[in-house]
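Next up, data-v1.cif (mmCIF, C-alpha atoms):
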data_structure
loop_
_atom_site.label_atom_id
_atom_site.label_comp_id
_atom_site.auth_asym_id
_atom_site.auth_seq_id
_atom_site.Cartn_x
_atom_site.Cartn_y
_atom_site.Cartn_z
CA MET A 1 -8.85 9.52 27.98
CA LYS A 2 -7.93 10.26 31.58
CA LYS A 3 -9.90 8.22 34.10
CA GLY A 4 -9.82 11.03 36.65
CA LEU A 5 -11.90 13.40 34.49
CA ARG A 6 -15.49 14.19 35.35
CA PHE A 7 -18.05 12.27 33.32
CA SER A 8 -19.31 15.33 31.43
CA GLU A 9 -15.77 16.63 30.99
CA ALA A 10 -14.70 13.31 29.46
CA TRP A 11 -17.53 13.49 26.93
CA PHE A 12 -16.68 17.10 26.16
CA GLN A 13 -13.09 15.99 25.51
CA ARG A 14 -14.31 13.31 23.11
CA GLY A 15 -16.52 15.88 21.38
CA LEU A 16 -13.60 18.28 20.99
CA TRP A 17 -11.44 15.53 19.47
CA LEU A 18 -14.29 14.80 17.08
CA ILE A 19 -14.35 18.50 16.14
CA ALA A 20 -10.60 18.34 15.50
CA ILE A 21 -11.02 15.32 13.21
CA VAL A 22 -13.95 16.89 11.33
CA PHE A 23 -12.03 20.15 10.95
CA ALA A 24 -9.03 18.22 9.60
CA ASN A 25 -11.30 16.35 7.19
CA PHE A 26 -12.68 19.58 5.73
CA LEU A 27 -9.17 21.03 5.43
CA ILE A 28 -8.00 17.85 3.66
CA GLY A 29 -10.93 18.07 1.23
CA LEU A 30 -10.21 21.74 0.54
CA GLY A 31 -6.52 20.99 0.02
CA SER A 32 -7.31 18.20 -2.42
CA LEU A 33 -9.52 20.55 -4.45
CA VAL A 34 -6.82 23.22 -4.49
CA VAL A 35 -4.21 20.73 -5.69
CA SER A 36 -6.52 19.29 -8.35
CA ASP A 37 -7.43 22.76 -9.65
CA LEU A 38 -3.84 23.92 -9.91
CA PRO A 39 -2.62 24.27 -13.50
CA ARG A 40 -0.57 21.24 -14.45
CA VAL A 41 3.15 21.72 -14.79
CA ASP A 42 3.11 20.04 -18.19
CA ASN A 43 1.48 17.19 -20.01
CA THR A 44 2.46 13.68 -19.01
CA PRO A 45 5.23 12.51 -21.36
CA ARG A 46 4.32 9.63 -23.69
CA LEU A 47 6.49 7.23 -25.63
CA GLU A 48 4.95 8.39 -28.92
CA ASP A 49 6.39 11.87 -28.31
CA PHE A 50 9.96 10.52 -28.55
CA VAL A 51 9.61 8.02 -31.42
CA ASP A 52 10.07 8.91 -35.11
CA GLN A 53 6.46 8.56 -36.25
CA ALA A 54 7.41 8.83 -39.94
CA SER A 55 9.33 5.54 -39.56
CA ALA A 56 7.20 3.91 -36.89
CA GLY A 57 3.86 4.47 -38.63
CA PRO A 58 4.52 2.21 -41.66
CA LEU A 59 6.01 -0.46 -39.39
CA ARG A 60 2.88 -0.50 -37.22
CA GLN A 61 0.75 -0.75 -40.36
CA ARG A 62 2.80 -3.74 -41.54
CA ILE A 63 2.37 -5.41 -38.16
CA ASP A 64 -1.39 -4.79 -38.16
CA ALA A 65 -1.72 -6.03 -41.75
CA ALA A 66 0.24 -9.15 -40.83
CA ASP A 67 -2.15 -9.78 -37.95
CA VAL A 68 -5.11 -9.61 -40.34
CA THR A 69 -3.37 -11.90 -42.85
CA LEU A 70 -2.47 -14.41 -40.15
CA LYS A 71 -6.04 -14.47 -38.90
CA GLN A 72 -7.31 -15.19 -42.41
CA ASN A 73 -4.58 -17.78 -42.89
CA ASN A 74 -5.53 -19.50 -39.63
CA ASP A 75 -9.14 -19.74 -40.78
CA GLU A 76 -8.15 -21.16 -44.17
CA THR A 77 -5.70 -23.58 -42.54
CA ALA A 78 -8.40 -24.82 -40.19
CA ARG A 79 -10.76 -25.49 -43.13
CA ALA A 80 -7.99 -27.16 -45.15
CA GLN A 81 -7.06 -29.32 -42.16
CA LEU A 82 -10.67 -30.50 -41.93
CA LEU A 83 -10.60 -31.48 -45.61
CA LEU A 84 -7.27 -33.24 -45.10
CA ASP A 85 -8.58 -35.19 -42.13
CA ALA A 86 -11.65 -36.23 -44.14
CA ALA A 87 -9.46 -37.34 -47.08
CA ARG A 88 -7.22 -39.36 -44.76
CA ASN A 89 -10.22 -41.06 -43.22
CA ASP A 90 -11.67 -41.89 -46.63
CA THR A 91 -8.32 -43.30 -47.80
CA ARG A 92 -7.91 -45.32 -44.62
CA GLN A 93 -11.39 -46.79 -44.90
CA ALA A 94 -11.03 -47.55 -48.64
CA ARG A 95 -7.65 -49.26 -48.12
CA ALA A 96 -9.06 -51.36 -45.28
CA ALA A 97 -12.09 -52.35 -47.39
CA PHE A 98 -9.87 -53.25 -50.36
CA GLN A 99 -7.59 -55.41 -48.23
CA ASN A 100 -10.58 -57.19 -46.70
CA TRP A 101 -12.06 -57.77 -50.13
CA ILE A 102 -8.78 -59.21 -51.45
CA ALA A 103 -8.46 -61.51 -48.45
CA SER A 104 -12.02 -62.83 -48.67
CA ARG A 105 -12.38 -63.50 -52.41
CA THR A 106 -11.09 -66.54 -54.33
CA ALA A 107 -8.95 -65.38 -57.25
CA THR A 108 -9.61 -67.34 -60.47
CA THR A 109 -7.61 -65.18 -62.85
CA GLU A 110 -4.40 -63.15 -62.78
CA ALA A 111 -4.56 -60.03 -60.63
CA ALA A 112 -3.49 -57.80 -63.50
CA GLN A 113 -6.31 -59.19 -65.70
CA ASN A 114 -9.05 -58.88 -63.03
CA PRO A 115 -11.14 -55.77 -63.91
CA GLU A 116 -12.65 -55.49 -60.38
CA ILE A 117 -9.24 -55.29 -58.79
CA ALA A 118 -8.16 -52.68 -61.33
CA ARG A 119 -11.28 -50.58 -60.64
CA ARG A 120 -10.81 -50.71 -56.87
CA THR A 121 -7.13 -49.88 -57.25
CA GLN A 122 -7.96 -46.83 -59.36
CA GLU A 123 -10.49 -45.66 -56.76
CA LEU A 124 -7.90 -46.06 -53.99
CA ASP A 125 -5.30 -44.16 -56.05
CA ALA A 126 -7.81 -41.32 -56.56
CA LEU A 127 -8.38 -41.08 -52.79
CA VAL A 128 -4.63 -41.08 -52.15
CA ALA A 129 -4.19 -38.29 -54.75
CA ARG A 130 -6.97 -36.32 -53.07
CA GLU A 131 -5.26 -36.75 -49.69
CA ARG A 132 -1.95 -35.55 -51.09
CA THR A 133 -3.62 -32.52 -52.66
CA ALA A 134 -5.13 -31.61 -49.27
CA GLU A 135 -1.75 -32.06 -47.62
CA ARG A 136 -0.09 -29.75 -50.15
CA THR A 137 -2.82 -27.16 -49.52
CA VAL A 138 -2.23 -27.27 -45.75
CA GLU A 139 1.54 -27.14 -46.21
CA GLY A 140 1.23 -24.16 -48.52
CA LEU A 141 -0.93 -22.28 -46.02
CA ARG A 142 1.54 -23.02 -43.23
CA GLN A 143 4.47 -21.87 -45.33
CA ARG A 144 2.60 -18.67 -46.17
CA ALA A 145 1.86 -18.11 -42.44
CA LEU A 146 5.53 -18.67 -41.64
CA ALA A 147 6.56 -16.07 -44.20
CA VAL A 148 4.03 -13.56 -42.82
CA ARG A 149 5.22 -14.17 -39.26
CA THR A 150 8.82 -13.70 -40.32
CA GLU A 151 7.97 -10.41 -42.01
CA GLN A 152 5.93 -9.32 -38.99
CA GLN A 153 8.79 -10.15 -36.62
CA GLN A 154 11.19 -8.13 -38.72
CA ALA A 155 8.82 -5.16 -38.55
CA ARG A 156 8.50 -5.59 -34.78
CA ASP A 157 12.27 -5.72 -34.37
CA GLN A 158 12.65 -2.49 -36.33
CA LEU A 159 9.86 -0.87 -34.31
CA ASN A 160 11.42 -2.03 -31.01
CA THR A 161 14.71 -0.48 -32.07
CA LEU A 162 12.97 2.85 -32.67
CA GLU A 163 11.02 2.64 -29.40
CA GLU A 164 14.09 1.66 -27.36
CA SER A 165 15.81 4.91 -28.26
CA GLY A 166 12.58 6.75 -27.48
CA ARG A 167 12.27 5.07 -24.06
CA LYS A 168 15.55 6.56 -22.92
CA GLU A 169 14.30 10.02 -23.81
CA LEU A 170 10.98 9.22 -22.13
CA GLU A 171 12.71 8.20 -18.88
CA ARG A 172 14.62 11.48 -18.77
CA ALA A 173 11.43 13.44 -19.45
CA MET A 174 9.55 11.47 -16.76
CA ARG A 175 12.24 12.22 -14.18
CA ALA A 176 12.14 15.91 -15.05
CA SER A 177 8.32 15.91 -14.82
CA GLU A 178 8.43 14.12 -11.45
CA LEU A 179 10.84 16.73 -10.13
CA ARG A 180 8.60 19.57 -11.25
CA VAL A 181 5.51 18.00 -9.70
CA PHE A 182 7.41 17.21 -6.52
CA GLY A 183 8.76 20.76 -6.31
CA LEU A 184 5.29 22.25 -6.71
CA ARG A 185 3.79 20.02 -4.03
CA LEU A 186 6.77 20.63 -1.75
CA ALA A 187 6.27 24.39 -2.11
CA LEU A 188 2.69 23.87 -0.91
CA THR A 189 3.34 21.43 1.93
CA LEU A 190 6.45 22.95 3.54
CA PRO A 191 4.63 26.12 4.72
CA LEU A 192 1.84 23.91 6.06
CA LEU A 193 4.36 21.80 7.99
CA ALA A 194 6.05 24.93 9.34
CA ILE A 195 2.74 26.36 10.54
CA ALA A 196 1.75 23.00 12.03
CA GLY A 197 5.07 22.78 13.91
CA TRP A 198 4.65 26.31 15.27
CA LEU A 199 1.09 25.55 16.37
CA PHE A 200 2.22 22.31 18.03
CA VAL A 201 4.94 24.08 20.01
CA LYS A 202 2.98 27.21 20.97
CA HIS A 203 -0.73 26.43 20.96
CA ARG A 204 -1.38 22.68 21.27
CA LYS A 205 -2.69 23.21 24.83
CA SER A 206 -4.49 26.47 24.21
CA ARG A 207 -8.22 27.04 24.55
CA TYR A 208 -8.77 26.35 20.86
CA TRP A 209 -6.63 23.20 20.72
CA PRO A 210 -9.15 21.20 18.58
CA PHE A 211 -8.54 23.53 15.65
CA VAL A 212 -4.79 23.41 16.28
CA TRP A 213 -4.75 19.60 16.21
CA GLY A 214 -7.09 19.56 13.21
CA PHE A 215 -4.62 21.69 11.26
CA ILE A 216 -1.73 19.46 12.43
CA PHE A 217 -3.58 16.37 11.15
CA PHE A 218 -4.20 18.14 7.85
CA ALA A 219 -0.54 19.12 7.45
CA GLY A 220 0.58 15.57 8.24
CA PHE A 221 -1.84 14.16 5.67
CA ALA A 222 -0.64 16.66 3.07
CA PHE A 223 2.96 15.54 3.59
CA PHE A 224 2.65 11.78 4.02
CA VAL A 225 -0.22 11.20 1.55
CA GLU A 226 -0.10 14.04 -0.95
CA LEU A 227 3.68 14.52 -1.15
CA VAL A 228 5.52 11.27 -0.33
CA PRO A 229 4.06 9.26 -3.28
CA TYR A 230 5.65 11.85 -5.60
CA LEU A 231 9.04 11.66 -3.91
CA PRO A 232 11.62 10.88 -6.61
CA SER A 233 13.36 7.57 -6.01
CA TYR A 234 16.51 7.48 -8.14
CA GLY A 235 17.11 3.86 -7.26
CA GLY A 236 15.93 4.30 -3.68
CA TYR A 237 18.71 6.69 -2.61
CA VAL A 238 16.43 9.66 -1.98
CA ARG A 239 13.84 7.56 -0.16
CA TYR A 240 16.41 5.96 2.14
CA LEU A 241 18.27 9.23 2.72
CA VAL A 242 15.02 10.96 3.68
CA GLY A 243 14.22 8.05 5.98
CA ILE A 244 17.66 8.25 7.61
CA VAL A 245 17.36 12.02 8.15
CA LEU A 246 13.85 11.77 9.59
CA THR A 247 14.82 8.86 11.83
CA GLY A 248 17.87 10.76 13.04
CA VAL A 249 15.90 13.93 13.82
CA ILE A 250 13.09 12.06 15.57
CA GLY A 251 15.57 9.83 17.44
CA HIS A 252 17.61 12.84 18.57
CA TYR A 253 14.47 14.57 19.80
CA ALA A 254 13.30 11.39 21.59
CA ILE A 255 16.68 10.88 23.30
CA ARG A 256 16.82 14.51 24.43
CA ALA A 257 13.22 14.32 25.62
CA LEU A 258 13.99 11.15 27.58
CA GLN A 259 17.02 12.76 29.19
CA ARG A 260 14.99 15.85 30.14
CA TYR A 261 12.24 13.65 31.51
CA LEU A 262 14.66 11.60 33.64
CA GLU A 263 16.30 14.76 34.93
CA ARG A 264 12.91 16.22 35.88
CA GLN A 265 12.03 12.95 37.62
CA ARG A 266 15.30 12.96 39.59
CA GLU A 267 14.81 16.61 40.52
CA ALA A 268 11.22 15.94 41.61
CA GLU A 269 12.23 12.94 43.72
CA ARG A 270 14.62 15.18 45.65
CA GLN A 271 11.72 17.45 46.67
CA PRO A 272 9.76 16.96 49.92
CA ASP A 273 6.77 14.67 49.76
CA SER A 274 4.19 17.44 50.19
CA ALA A 275 5.80 19.57 47.49
CA ARG A 276 5.89 16.63 45.07
CA ARG A 277 2.20 15.86 45.55
CA GLN A 278 1.29 19.51 45.04
CA MET A 279 3.23 19.54 41.77
CA LEU A 280 1.24 16.61 40.39
CA ASP A 281 -1.93 17.26 38.43
CA TYR A 282 -4.97 15.84 40.19
CA ASP A 283 -6.38 14.04 37.14
CA VAL A 284 -2.97 12.65 36.21
CA ALA A 285 -2.40 11.31 39.72
CA GLN A 286 -5.83 9.64 39.84
CA SER A 287 -5.34 8.13 36.39
CA ARG A 288 -1.94 6.66 37.30
CA LEU A 289 -3.19 5.21 40.55
CA ALA A 290 -6.11 3.60 38.74
CA LYS A 291 -3.56 1.92 36.48
CA LYS A 292 -1.48 0.80 39.51
CA ILE A 293 1.33 3.20 38.61
CA CYS A 294 3.08 5.52 41.05
CA PRO A 295 2.06 9.13 40.29
CA GLY A 296 5.54 10.33 41.23
CA CYS A 297 8.00 8.00 39.48
CA GLU A 298 5.56 6.16 37.17
CA ARG A 299 6.78 2.71 38.22
CA PRO A 300 4.36 -0.19 38.84
CA ILE A 301 3.01 -0.44 42.40
CA ALA A 302 0.68 -2.80 44.28
CA THR A 303 -2.16 -0.46 45.22
CA ASP A 304 -4.33 -3.34 46.43
CA ASP A 305 -1.89 -4.15 49.28
CA PRO A 306 -3.24 -2.36 52.42
CA GLN A 307 0.27 -2.31 53.95
CA ARG A 308 1.82 -0.29 51.11
CA ASN A 309 1.17 3.37 51.75
CA PHE A 310 4.36 4.68 50.17
CA CYS A 311 6.05 4.02 46.85
CA MET A 312 9.04 1.79 47.50
CA HIS A 313 10.87 3.36 44.52
CA CYS A 314 10.59 7.09 45.16
CA GLY A 315 9.07 7.26 48.68
CA ILE A 316 6.06 9.41 47.80
CA CYS A 317 2.98 8.96 49.99
CA LEU A 318 0.20 7.12 48.17
CA PHE A 319 -2.31 6.43 50.96
CA ASN A 320 -2.92 8.06 54.35
CA LYS A 321 -5.66 8.21 57.00
CA CYS A 322 -8.59 10.57 57.11
CA THR A 323 -8.30 13.04 60.02
CA GLN A 324 -12.01 12.68 60.72
CA CYS A 325 -12.87 8.98 60.42
CA ASP A 326 -9.38 7.43 60.38
CA ALA A 327 -10.17 5.53 57.14
CA ARG A 328 -7.33 4.64 54.78
CA LYS A 329 -7.72 6.81 51.69
CA ASN A 330 -6.01 7.99 48.55
CA ALA A 331 -3.41 10.61 49.52
CA PHE A 332 -4.18 12.59 46.34
CA ALA A 333 -7.95 12.66 46.88
CA HIS A 334 -9.60 15.99 47.70
CA TYR A 335 -12.17 14.36 49.94
CA CYS A 336 -12.36 11.26 52.06
CA HIS A 337 -14.27 8.47 50.36
CA ALA A 338 -15.64 7.22 53.68
CA CYS A 339 -16.93 10.39 55.34
CA GLY A 340 -16.50 13.13 52.74
CA THR A 341 -14.19 15.27 54.88
CA GLY A 342 -11.91 17.58 52.88
CA THR A 343 -8.25 16.64 52.97
CA THR A 344 -5.47 18.92 54.28
CA GLU A 345 -1.71 18.79 54.09
CA ARG A 346 -1.28 18.14 57.81
CA ALA A 347 -2.80 14.70 57.37
CA ALA A 348 -0.13 13.58 54.96
CA PRO A 349 2.86 11.38 55.65
CA ALA A 350 2.97 11.39 59.41
CA GLU A 351 -0.26 9.45 59.82
CA ALA A 352 0.33 7.19 56.90
CA GLY A 353 2.75 4.94 58.70
CA ALA A 354 0.16 4.07 61.32
CA ALA A 355 -2.11 2.47 58.73
#
Structure encoded using structure tokens:
Amino acid sequence: MKKGLRFSEAWFQRGLWLIAIVFANFLIGLGSLVVSDLPRVDNTPRLEDFVDQASAGPLRQRIDAADVTLKQNNDETARAQLLLDAARNDTRQARAAFQNWIASRTATTEAAQNPEIARRTQELDALVARERTAERTVEGLRQRALAVRTEQQQARDQLNTLEESGRKELERAMRASELRVFGLRLALTLPLLAIAGWLFVKHRKSRYWPFVWGFIFFAGFAFFVELVPYLPSYGGYVRYLVGIVLTGVIGHYAIRALQRYLERQREAERQPDSARRQMLDYDVAQSRLAKKICPGCERPIATDDPQRNFCMHCGICLFNKCTQCDARKNAFAHYCHACGTGTTERAAPAEAGAA
């Protein structure tokens, strides 16, 4: 916001920018509704549309059935493992008790003829047989799970082969769909961009500029938000090519604008001092001086130095003396800040050097 504007004018400017933003917001909302209500180009392609369902269906059923069987097998294996662990513990404890009993007793007869030893041995053999039975049960369940997993993996491999051929078709269909969607959105956004460019060139400083800028904001949003995400990539070539073209166009415009600006500045600096100050906008000159920038050449200046009344770069008069009270004042001011006397051209550079 320019510092030289009147207080009420500055607030009116802020209010007008707010109107431009609100107007753009309503246009963006309307545009989003229009795009969402447009009939879709076609349905989004899916992998199932390009896979032989007559062959894929039974394979998926085999995979699902294998999942159910494996779940049941896991439950049975867990229960069998608990029984095996219990049998191993019982065997371990019985063997330890038998060994302790043998070590602590005094044998009076042959071991083969001792009925107590025979009984304990038979009990230990029964526990060992029970442990082996549990082990065989667990091993059988694990072998069955391995067979189911092998069958399931074969079905998955066959299904992946079918889906791989379908994915290639899906990729081609997705690219074609992206192009159709992009073309439709491009057909909507290009006229908006053209209108926005025409408004920017012809009417951006007109009386109704808030509506002009609101439409420009809307067109920019429609392009950069609504269109760019749908820009086909093709490995990044399109994206980078578009970026190169846009950068080239904007850079060319910026270089030409800089050259025109420098030429205007050189032409202005060749004009007489009074003519140069008359060419400058009052608010622009006051704003630049407040920022310690020369209104003529826009280079930094030391405005707080009372000895510097002219710009040392372009020679334009920055401060002179009031014809009424002889106070040092801003050469671009309409009235003297000390006595309120209106300024005239005859008070310009000649009296400035005496300050």
Next on the checklist: Env of Ile316 in chain A: 12 Å cut, atoms = only C-alpha atoms, seq-sep filter 3 positions within chain, self excluded. Answer as a ChimeraX atom specification.
Outcome noted: /A:268-278,280,285,294-299,301,308-313,319-320,331-332,348-349,352
Checklist outcome for this item: Using all atoms listed in the file, the shortest atom-to-atom distance to Arg207 in chain A among A:Phe182, A:Phe98, A:Gln153, A:Leu16 belongs to A:Leu16
Item to check | Result set, the PyMOL selection byres ((chain A and resi 167) around 10) on current file, as a ChimeraX atom specification | outcome: /A:46-51,160,162-166,168-173
Checklist entry - Between CA of Asn89 in chain A and CA of Arg130 in chain A, what is the spacing in Å? => result 11.4 Å
The PyMOL selection byres ((chain A and resi 81) around 12) - which residues does that actually catch in the file I just gave you? List them as an mmCIF file with C-alpha atoms, in the coordinates of the input.
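Ended up saving to part.cif:
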data_model
loop_
_atom_site.group_PDB
_atom_site.id
_atom_site.type_symbol
_atom_site.label_atom_id
_atom_site.label_comp_id
_atom_site.auth_asym_id
_atom_site.auth_seq_id
_atom_site.Cartn_x
_atom_site.Cartn_y
_atom_site.Cartn_z
ATOM 1 C CA ASN A 73 -4.580 -17.780 -42.890
ATOM 2 C CA ASN A 74 -5.530 -19.500 -39.630
ATOM 3 C CA ASP A 75 -9.140 -19.740 -40.780
ATOM 4 C CA GLU A 76 -8.150 -21.160 -44.170
ATOM 5 C CA THR A 77 -5.700 -23.580 -42.540
ATOM 6 C CA ALA A 78 -8.400 -24.820 -40.190
ATOM 7 C CA ARG A 79 -10.760 -25.490 -43.130
ATOM 8 C CA ALA A 80 -7.990 -27.160 -45.150
ATOM 9 C CA LEU A 82 -10.670 -30.500 -41.930
ATOM 10 C CA LEU A 83 -10.600 -31.480 -45.610
ATOM 11 C CA LEU A 84 -7.270 -33.240 -45.100
ATOM 12 C CA ASP A 85 -8.580 -35.190 -42.130
ATOM 13 C CA ALA A 86 -11.650 -36.230 -44.140
ATOM 14 C CA ALA A 87 -9.460 -37.340 -47.080
ATOM 15 C CA ARG A 88 -7.220 -39.360 -44.760
ATOM 16 C CA GLU A 131 -5.260 -36.750 -49.690
ATOM 17 C CA THR A 133 -3.620 -32.520 -52.660
ATOM 18 C CA ALA A 134 -5.130 -31.610 -49.270
ATOM 19 C CA GLU A 135 -1.750 -32.060 -47.620
ATOM 20 C CA ARG A 136 -0.090 -29.750 -50.150
ATOM 21 C CA THR A 137 -2.820 -27.160 -49.520
ATOM 22 C CA VAL A 138 -2.230 -27.270 -45.750
ATOM 23 C CA GLU A 139 1.540 -27.140 -46.210
ATOM 24 C CA GLY A 140 1.230 -24.160 -48.520
ATOM 25 C CA LEU A 141 -0.930 -22.280 -46.020
ATOM 26 C CA ARG A 142 1.540 -23.020 -43.230
#
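In this structure, CA of Asp67 in chain A sits 8.2 Å away from CA of Gln152 in chain A.
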Some atoms are absent from range 169-185 of chain A, so rebuild N, CA and C atoms and return them as an mmCIF file, keeping the file's coordinate frame.
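Result file result.cif:
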data_model
loop_
_atom_site.group_PDB
_atom_site.id
_atom_site.type_symbol
_atom_site.label_atom_id
_atom_site.label_comp_id
_atom_site.auth_asym_id
_atom_site.auth_seq_id
_atom_site.Cartn_x
_atom_site.Cartn_y
_atom_site.Cartn_z
ATOM 1 N N GLU A 169 14.739 8.629 -23.880
ATOM 2 C CA GLU A 169 14.300 10.020 -23.810
ATOM 3 C C GLU A 169 13.078 10.163 -22.910
ATOM 4 N N LEU A 170 12.180 9.177 -22.967
ATOM 5 C CA LEU A 170 10.980 9.220 -22.130
ATOM 6 C C LEU A 170 11.344 9.152 -20.650
ATOM 7 N N GLU A 171 12.300 8.307 -20.281
ATOM 8 C CA GLU A 171 12.710 8.200 -18.880
ATOM 9 C C GLU A 171 13.273 9.517 -18.371
ATOM 10 N N ARG A 172 14.081 10.187 -19.188
ATOM 11 C CA ARG A 172 14.620 11.480 -18.770
ATOM 12 C C ARG A 172 13.502 12.510 -18.616
ATOM 13 N N ALA A 173 12.549 12.500 -19.544
ATOM 14 C CA ALA A 173 11.430 13.440 -19.450
ATOM 15 C C ALA A 173 10.555 13.140 -18.236
ATOM 16 N N MET A 174 10.354 11.837 -17.926
ATOM 17 C CA MET A 174 9.550 11.470 -16.760
ATOM 18 C C MET A 174 10.217 11.924 -15.477
ATOM 19 N N ARG A 175 11.535 11.763 -15.383
ATOM 20 C CA ARG A 175 12.240 12.220 -14.180
ATOM 21 C C ARG A 175 12.119 13.730 -14.024
ATOM 22 N N ALA A 176 12.263 14.450 -15.124
ATOM 23 C CA ALA A 176 12.140 15.910 -15.050
ATOM 24 C C ALA A 176 10.723 16.303 -14.649
ATOM 25 N N SER A 177 9.708 15.617 -15.183
ATOM 26 C CA SER A 177 8.320 15.910 -14.820
ATOM 27 C C SER A 177 8.055 15.602 -13.356
ATOM 28 N N GLU A 178 8.601 14.470 -12.867
ATOM 29 C CA GLU A 178 8.430 14.120 -11.450
ATOM 30 C C GLU A 178 9.036 15.182 -10.544
ATOM 31 N N LEU A 179 10.206 15.688 -10.938
ATOM 32 C CA LEU A 179 10.840 16.730 -10.130
ATOM 33 C C LEU A 179 10.006 18.004 -10.093
ATOM 34 N N ARG A 180 9.423 18.365 -11.224
ATOM 35 C CA ARG A 180 8.600 19.570 -11.250
ATOM 36 C C ARG A 180 7.352 19.403 -10.395
ATOM 37 N N VAL A 181 6.699 18.241 -10.518
ATOM 38 C CA VAL A 181 5.510 18.000 -9.700
ATOM 39 C C VAL A 181 5.865 17.960 -8.224
ATOM 40 N N PHE A 182 6.981 17.290 -7.909
ATOM 41 C CA PHE A 182 7.410 17.210 -6.520
ATOM 42 C C PHE A 182 7.740 18.597 -5.970
ATOM 43 N N GLY A 183 8.426 19.420 -6.764
ATOM 44 C CA GLY A 183 8.760 20.760 -6.310
ATOM 45 C C GLY A 183 7.527 21.603 -6.048
ATOM 46 N N LEU A 184 6.513 21.485 -6.915
ATOM 47 C CA LEU A 184 5.290 22.250 -6.710
ATOM 48 C C LEU A 184 4.582 21.813 -5.441
ATOM 49 N N ARG A 185 4.466 20.502 -5.238
ATOM 50 C CA ARG A 185 3.790 20.020 -4.030
ATOM 51 C C ARG A 185 4.606 20.332 -2.775
#
